[in-house]
Amino acid sequence: MPQVRTRFAPSPTGYLHLGGLRTALYTWLLARKNDGVFILRIEDTDQEREVPGAVDLIYQSLRQAGLDWDEGPDVGGPVGPYVQTQRKDLYLPYAMQLVEKGAAYPCFCTKEELDARREEATKRGETFKYDKHCLSLSREEAKQRMAAGEPYVIRQNVPTTGTAGFDDMLYGHVEAPCDTLDDNVLIKADGLPTYNFANVVDDHLMGITHVTRGTEYLSSAPKYNLLYAAFGWTPPLYLHLPVVMKDATRKLSKRHGDPSFEDLLDMGYLREAIINFIALLGWSPGDDREFFTLQELVQAFDTKGLSKSPAIFNMDKLTWFNTEYIRKLSEEEYLAMVTPWFDKALDGISIDYPRLAQLMQGRTEVFNRVPDMVRFLKEMPPYELDLYANKKQKSTLESSLASLQFVRPVLEAIDPWQESAIHDALMTAIAQSGRKNGTVLWPLRIALSGLQSTPGGAIEIAWLLGKQECLCRIDQAVAALQWQE
Ligand code: GLU
């Protein structure tokens with residue numbers, strides 16, 4: 001078997017969407033799994049849709065995802081250039097070869113003429129297909145008009161009878177009656193090739209062995225195979241991948257507010273978690289294993305595990321993966337990652353970040369949720385006094401007031417302010433007084449945080465806040481509870 005050569009061929013029309021990233025991942029895996037070559041090709045022949053900066057975004061996203069390419073615009077390679085507009089002069093001669101063979105023809109129909117014919121077809125209730133009007137021009141006339149500078153395109157001459165088809169690694173044999181296929185434009189009036197032509201020429205010239213792309217190209221692939229046949233080239237193996245859906249009926253789409261890969265990274269999803277999750281969107285290892293590093297995916301990936309049904313992008317599942325990946329970080333890694341998120345909420349006050357990080361690591365699902373979870377350390381949030389009443393902790397508003405009045409002098413006497421000292425002093429005082437832990441520690445936590453649920457309990461929060469802040473919050477809570485009596 002020849003060396004496997006795969007390519008990811010994005011058009012620079014914006015950010016890399018998650019479906020695109022999954023295609024890139026599977027394409028990369030296919031190459032790495034087979035000790036093959038992974039190529040990046042930029043398909044920019046549709047200049048109207050090009051978005052400035054999009055190529056850099058593609059590079060950036062692929063790098064962040066850890067998908068390195070062996071050949072591509074920036075790294076070069078033996079079959080470059082790898083940007084289609086930089087190859088623009090090579091397509092026309094190939095199209096002319098097809099014209100010579102009768103598999104393509106120049107077409108001079110203007111936009112107005114085509115629009116008029118399209119309108120007539122619509123009136124008759126038909127879908128418009130190019131009517132091969134210019135196929136009947138004599139070779140001489142066509143040549144003359146081309147030489148005279150009249151604008152023209154080159155169209156594929158799809159046979160009017162028979163069928164065209166190809167074999168897909170996932171979908172099996174796909175075929176269509178030729179009379180349903182349109183005579184696609186191969187070379188546009190501006191001289192640039194369309195995707196329909198460039199993909200065939202480039203995949204051939206670049207020695208691509210496996211073409212992986214979305215199922216939106218499944219219905220056009222029979223036509224591409226006709227082109228391979230007309231050239232006498234061996235077509236590559238095709239692997240079309242089902243779409244990534246937001247739910248049972250809607251496609252994932254940035255326009256409808258669904259996040260891109262970059263968005264997810266900005267939100268505080270770990271790239272390892274995103275990649276692991278995306279790998280399983282339509283592929284399964286054949287057992288119930290769920291966690292894979294990129295390297296483990298290379299080992300495990302097998303196209304036999306791909307599924308034909310559209311994959312559903314379940315954000316909760318991604319968040320679950322992320323939570324698990326965050327738990328697996330070392331304390332140092334977590335601290336480094338969480339620090340900017342702590343800064344967002346706690347800037348300007350002195351808090352023991354390493355200790356806070358220890359308390360937060362097991363509760364972090366996505367980093368962008370961290371600031372709201374720790375903000376109470378800087379600012380006491382408004383809260384309802386009802387929070388003090390908690391059956392399980394045997395705590396009422398009255399008992400809370402008494403408990404807070406009881407702990408205040410205990411805390412005030414602690415010197416130096418250490419977490420273990422706070423723990424020992426509180427526990428001893430509670431035991432000696434015959435009170436229940438919950439009846440004291442619950443209201444203390446509420447008084448210090450205003451929250452039912454916090455990273456760590458009353459003791460840890462007291463230590464993080466510092467003695468002065470702690471006493472001050474207790475005094476305010478006591479005043480509020482007294483006021484309400
Ligand atoms: N340029 C096409 C796109 O971005 C890629 C299709 C292909 O991989 O052949 O959709």
# chains A, B, ... in the order shown; residues from 1 in each chain; ligands from 1
call {"tool": "residues_around", "arguments": {"residues": "region 332-349 of chain A", "least_positions_apart": "3", "cutoff": "10 Å", "atoms": "only C-alpha atoms", "output": "count of residues only"}}
result
30
call {"tool": "residues_around", "arguments": {"residues": "Glu175 (chain A)", "least_positions_apart": "4", "cutoff": "8 Å", "atoms": "only C-alpha atoms", "output": "PyMOL selection string"}}
result
chain A and resi 163-166+222
call {"tool": "closest_residue", "arguments": {"among": "A:Ala95, A:Val201, A:Leu451, A:Met169", "to": "ligand 1", "atoms": "only C-alpha atoms and all ligand atoms"}}
result
A:Val201
call {"tool": "residues_near_ligand", "arguments": {"ligand": "ligand 1", "cutoff": "9 Å", "atoms": "only C-alpha atoms and all ligand atoms", "output": "list in words"}}
result
Arg7, Phe8, Ala9, Pro10, Ser11, Pro12, Thr13, Gly20, Thr23, Arg41, Ile42, Glu43, Asp44, Tyr195, Asn196, Asn199, Val200, Asp203, Val211, Thr212, Arg213, Gly214, Glu216 and Tyr217 of chain A
call {"tool": "write_last_selection", "arguments": {"atoms": "N, CA and C atoms", "output": "CSV table (one decimal), in the first residue's frame"}}
result
chain,number,residue,atom,x,y,z
A,7,ARG,N,-5.4,15.1,3.8
A,7,ARG,CA,-5.3,16.5,3.8
A,7,ARG,C,-6.5,17.1,4.5
A,8,PHE,N,-6.3,18.2,5.2
A,8,PHE,CA,-7.4,19.0,5.7
A,8,PHE,C,-7.4,20.2,4.8
A,9,ALA,N,-8.5,20.5,4.3
A,9,ALA,CA,-8.6,21.6,3.2
A,9,ALA,C,-9.6,22.6,3.6
A,10,PRO,N,-9.4,23.4,4.6
A,10,PRO,CA,-10.4,24.4,5.0
A,10,PRO,C,-10.4,25.6,4.0
A,11,SER,N,-11.6,26.2,3.9
A,11,SER,CA,-11.7,27.5,3.2
A,11,SER,C,-11.6,28.6,4.3
A,12,PRO,N,-10.9,29.6,4.0
A,12,PRO,CA,-10.7,30.7,5.0
A,12,PRO,C,-11.9,31.6,5.1
A,13,THR,N,-13.0,31.1,5.6
A,13,THR,CA,-14.2,31.9,5.6
A,13,THR,C,-14.6,32.2,7.0
A,20,GLY,N,-15.6,21.2,11.7
A,20,GLY,CA,-14.4,21.3,10.9
A,20,GLY,C,-13.2,20.8,11.7
A,23,THR,N,-13.4,17.0,11.6
A,23,THR,CA,-12.8,16.5,10.4
A,23,THR,C,-11.3,16.6,10.4
A,41,ARG,N,-4.1,22.3,3.4
A,41,ARG,CA,-4.3,23.0,2.1
A,41,ARG,C,-5.3,24.1,2.3
A,42,ILE,N,-5.0,25.3,1.9
A,42,ILE,CA,-6.0,26.4,2.0
A,42,ILE,C,-6.8,26.5,0.7
A,43,GLU,N,-8.1,26.4,0.8
A,43,GLU,CA,-8.9,26.4,-0.4
A,43,GLU,C,-9.6,27.8,-0.5
A,44,ASP,N,-8.9,28.7,-1.1
A,44,ASP,CA,-9.4,30.1,-1.1
A,44,ASP,C,-9.8,30.6,-2.5
A,195,TYR,N,-14.4,25.0,-6.4
A,195,TYR,CA,-14.0,23.9,-5.5
A,195,TYR,C,-14.2,22.5,-6.3
A,196,ASN,N,-15.3,22.5,-7.1
A,196,ASN,CA,-15.6,21.2,-7.8
A,196,ASN,C,-14.4,20.7,-8.7
A,199,ASN,N,-10.6,20.6,-6.1
A,199,ASN,CA,-10.4,19.5,-5.2
A,199,ASN,C,-9.9,18.3,-5.9
A,200,VAL,N,-10.4,18.1,-7.1
A,200,VAL,CA,-9.9,16.9,-7.9
A,200,VAL,C,-8.5,17.0,-8.3
A,203,ASP,N,-6.1,17.1,-5.2
A,203,ASP,CA,-6.0,15.9,-4.5
A,203,ASP,C,-5.1,14.9,-5.3
A,211,VAL,N,-9.5,11.0,1.1
A,211,VAL,CA,-10.2,12.3,1.2
A,211,VAL,C,-11.3,12.2,2.3
A,212,THR,N,-11.0,13.0,3.3
A,212,THR,CA,-12.0,13.1,4.4
A,212,THR,C,-12.7,14.4,4.4
A,213,ARG,N,-14.0,14.5,4.4
A,213,ARG,CA,-14.7,15.7,4.5
A,213,ARG,C,-16.1,15.5,4.8
A,214,GLY,N,-16.9,16.6,5.0
A,214,GLY,CA,-18.2,16.5,5.5
A,214,GLY,C,-19.2,15.9,4.4
A,216,GLU,N,-21.7,17.0,3.2
A,216,GLU,CA,-22.3,18.0,2.3
A,216,GLU,C,-21.7,17.7,0.9
A,217,TYR,N,-20.5,17.0,0.8
A,217,TYR,CA,-19.9,16.8,-0.5
A,217,TYR,C,-20.3,15.4,-1.1
call {"tool": "closest_residue", "arguments": {"among": "A:Pro381, A:Gly457, A:Gly172, A:Gly191", "to": "Leu218 (chain A)", "atoms": "only C-alpha atoms"}}
result
A:Gly172
call {"tool": "residues_around", "arguments": {"residues": "Phe291 (chain A)", "least_positions_apart": "3", "cutoff": "10 Å", "atoms": "only C-alpha atoms", "output": "PyMOL selection string"}}
result
chain A and resi 272-273+276-277+280+288+294+296-297+321+324-325
call {"tool": "write_last_selection", "arguments": {"atoms": "N, CA, C and O atoms", "output": "CSV table (one decimal), in the first residue's frame"}}
result
chain,number,residue,atom,x,y,z
A,272,GLU,N,-7.5,19.4,25.9
A,272,GLU,CA,-7.5,17.9,26.0
A,272,GLU,C,-8.9,17.4,26.1
A,272,GLU,O,-9.3,16.4,25.5
A,273,ALA,N,-9.7,18.1,26.9
A,273,ALA,CA,-11.1,17.7,27.1
A,273,ALA,C,-11.9,17.8,25.8
A,273,ALA,O,-12.7,17.0,25.5
A,276,ASN,N,-10.8,15.2,23.3
A,276,ASN,CA,-11.3,13.9,23.7
A,276,ASN,C,-12.8,13.8,23.4
A,276,ASN,O,-13.3,12.8,22.7
A,277,PHE,N,-13.5,14.8,23.7
A,277,PHE,CA,-15.0,14.8,23.5
A,277,PHE,C,-15.3,14.8,22.0
A,277,PHE,O,-16.2,14.0,21.5
A,280,LEU,N,-15.0,11.6,20.1
A,280,LEU,CA,-16.1,10.6,20.3
A,280,LEU,C,-17.4,11.1,19.6
A,280,LEU,O,-18.5,10.4,19.8
A,288,ASP,N,-16.2,0.5,26.1
A,288,ASP,CA,-16.7,1.7,26.7
A,288,ASP,C,-15.7,2.6,27.3
A,288,ASP,O,-16.0,3.5,28.1
A,294,LEU,N,-4.4,12.6,23.0
A,294,LEU,CA,-4.2,12.6,21.5
A,294,LEU,C,-3.4,11.3,21.1
A,294,LEU,O,-3.8,10.7,20.1
A,296,GLU,N,-3.1,8.5,22.6
A,296,GLU,CA,-3.9,7.3,22.7
A,296,GLU,C,-5.0,7.2,21.6
A,296,GLU,O,-5.3,6.1,21.2
A,297,LEU,N,-5.4,8.3,21.2
A,297,LEU,CA,-6.4,8.3,20.0
A,297,LEU,C,-5.7,7.7,18.8
A,297,LEU,O,-6.3,7.0,18.0
A,321,PHE,N,-16.7,16.0,30.7
A,321,PHE,CA,-15.3,15.7,30.4
A,321,PHE,C,-14.3,16.7,31.0
A,321,PHE,O,-13.3,16.4,31.5
A,324,GLU,N,-13.7,16.3,34.6
A,324,GLU,CA,-12.8,15.2,34.9
A,324,GLU,C,-11.4,15.5,34.6
A,324,GLU,O,-10.5,15.2,35.3
A,325,TYR,N,-11.2,16.2,33.5
A,325,TYR,CA,-9.8,16.6,33.1
A,325,TYR,C,-9.2,17.6,34.1
A,325,TYR,O,-8.1,17.5,34.4
call {"tool": "residues_around", "arguments": {"residues": "Cys470 (chain A)", "least_positions_apart": "5", "cutoff": "10 Å", "atoms": "only C-alpha atoms", "output": "PyMOL selection string"}}
result
chain A and resi 408+411-412+444+447-449+461-465+475
call {"tool": "residues_around", "arguments": {"residues": "Met427 (chain A)", "least_positions_apart": "3", "cutoff": "10 Å", "atoms": "only C-alpha atoms", "output": "list of chain:residue names"}}
result
A:Ala421, A:Ile422, A:His423, A:Asp424, A:Ile430, A:Ala431, A:Gln432, A:Ser433, A:Lys436, A:Asn437, A:Val440, A:Leu441
call {"tool": "select_by_dssp", "arguments": {"residues": "region 133-219 of chain A", "states": "alpha helix (DSSP H)", "output": "list in words"}}
result
Arg139, Glu140, Glu141, Ala142, Lys143, Gln144, Arg145, Met146, Ala147, Tyr195, Asn196, Phe197, Ala198, Asn199, Val200, Val201, Asp202, Asp203, His204 and Leu205 of chain A
call {"tool": "atom_distance", "arguments": {"atom1": "CA of Arg363 (chain A)", "atom2": "CA of Glu331 (chain A)"}}
result
13.5 Å
call {"tool": "atom_distance", "arguments": {"atom1": "CA of Asp168 (chain A)", "atom2": "CA of Pro236 (chain A)"}}
result
10.0 Å
call {"tool": "closest_residue", "arguments": {"among": "A:Gln468, A:Gln418, A:Ile187, A:Gln405", "to": "Pro93 (chain A)", "atoms": "only C-alpha atoms"}}
result
A:Ile187
call {"tool": "closest_residue", "arguments": {"among": "A:Tyr15, A:Ala221, A:Tyr82, A:Arg63", "to": "Leu40 (chain A)", "atoms": "only C-alpha atoms"}}
result
A:Tyr82
call {"tool": "closest_residue", "arguments": {"among": "A:Ala230, A:Gly72, A:Leu192, A:Lys304", "to": "Lys101 (chain A)", "atoms": "only C-alpha atoms"}}
result
A:Ala230
call {"tool": "residues_around", "arguments": {"residues": "Phe128 (chain A)", "least_positions_apart": "5", "cutoff": "9 Å", "atoms": "only C-alpha atoms", "output": "PyMOL selection string"}}
result
chain A and resi 117-122+182
call {"tool": "residues_around", "arguments": {"residues": "Gln484 (chain A)", "least_positions_apart": "3", "cutoff": "12 Å", "atoms": "only C-alpha atoms", "output": "list in words"}}
result
Glu384, Leu385, Asp386, Leu397, Glu398, Leu401, Ala477, Val478, Ala479, Ala480 and Leu481 of chain A
call {"tool": "write_last_selection", "arguments": {"atoms": "C-alpha atoms", "output": "PDB file, in the first residue's frame"}}
result
ATOM      1  CA  GLU A 384     -31.642  36.259  52.508  1.00  0.00           C
ATOM      2  CA  LEU A 385     -31.627  35.717  56.255  1.00  0.00           C
ATOM      3  CA  ASP A 386     -33.697  32.582  55.674  1.00  0.00           C
ATOM      4  CA  LEU A 397     -32.515  32.269  62.923  1.00  0.00           C
ATOM      5  CA  GLU A 398     -32.464  32.434  66.732  1.00  0.00           C
ATOM      6  CA  LEU A 401     -27.670  34.666  66.287  1.00  0.00           C
ATOM      7  CA  ALA A 477     -24.568  39.283  60.395  1.00  0.00           C
ATOM      8  CA  VAL A 478     -25.275  39.660  64.105  1.00  0.00           C
ATOM      9  CA  ALA A 479     -26.679  43.137  63.483  1.00  0.00           C
ATOM     10  CA  ALA A 480     -28.890  41.857  60.669  1.00  0.00           C
ATOM     11  CA  LEU A 481     -30.212  38.978  62.773  1.00  0.00           C
TER      12      LEU A 481
END
call {"tool": "closest_residue", "arguments": {"among": "A:Ile154, A:Ala389, A:Val410, A:Val4", "to": "Asp183 (chain A)", "atoms": "only C-alpha atoms"}}
result
A:Ile154
call {"tool": "select_by_dssp", "arguments": {"residues": "region 77-326 of chain A", "states": "strand (DSSP E or B)", "output": "number ranges by chain"}}
result
A: 83, 104-107, 153-156, 163-168, 172-177, 185-187, 193, 210-214, 237-241, 244-245, 251, 283, 306, 311-312
call {"tool": "atom_distance", "arguments": {"atom1": "CA of Pro259 (chain A)", "atom2": "CA of Val366 (chain A)"}}
result
14.0 Å
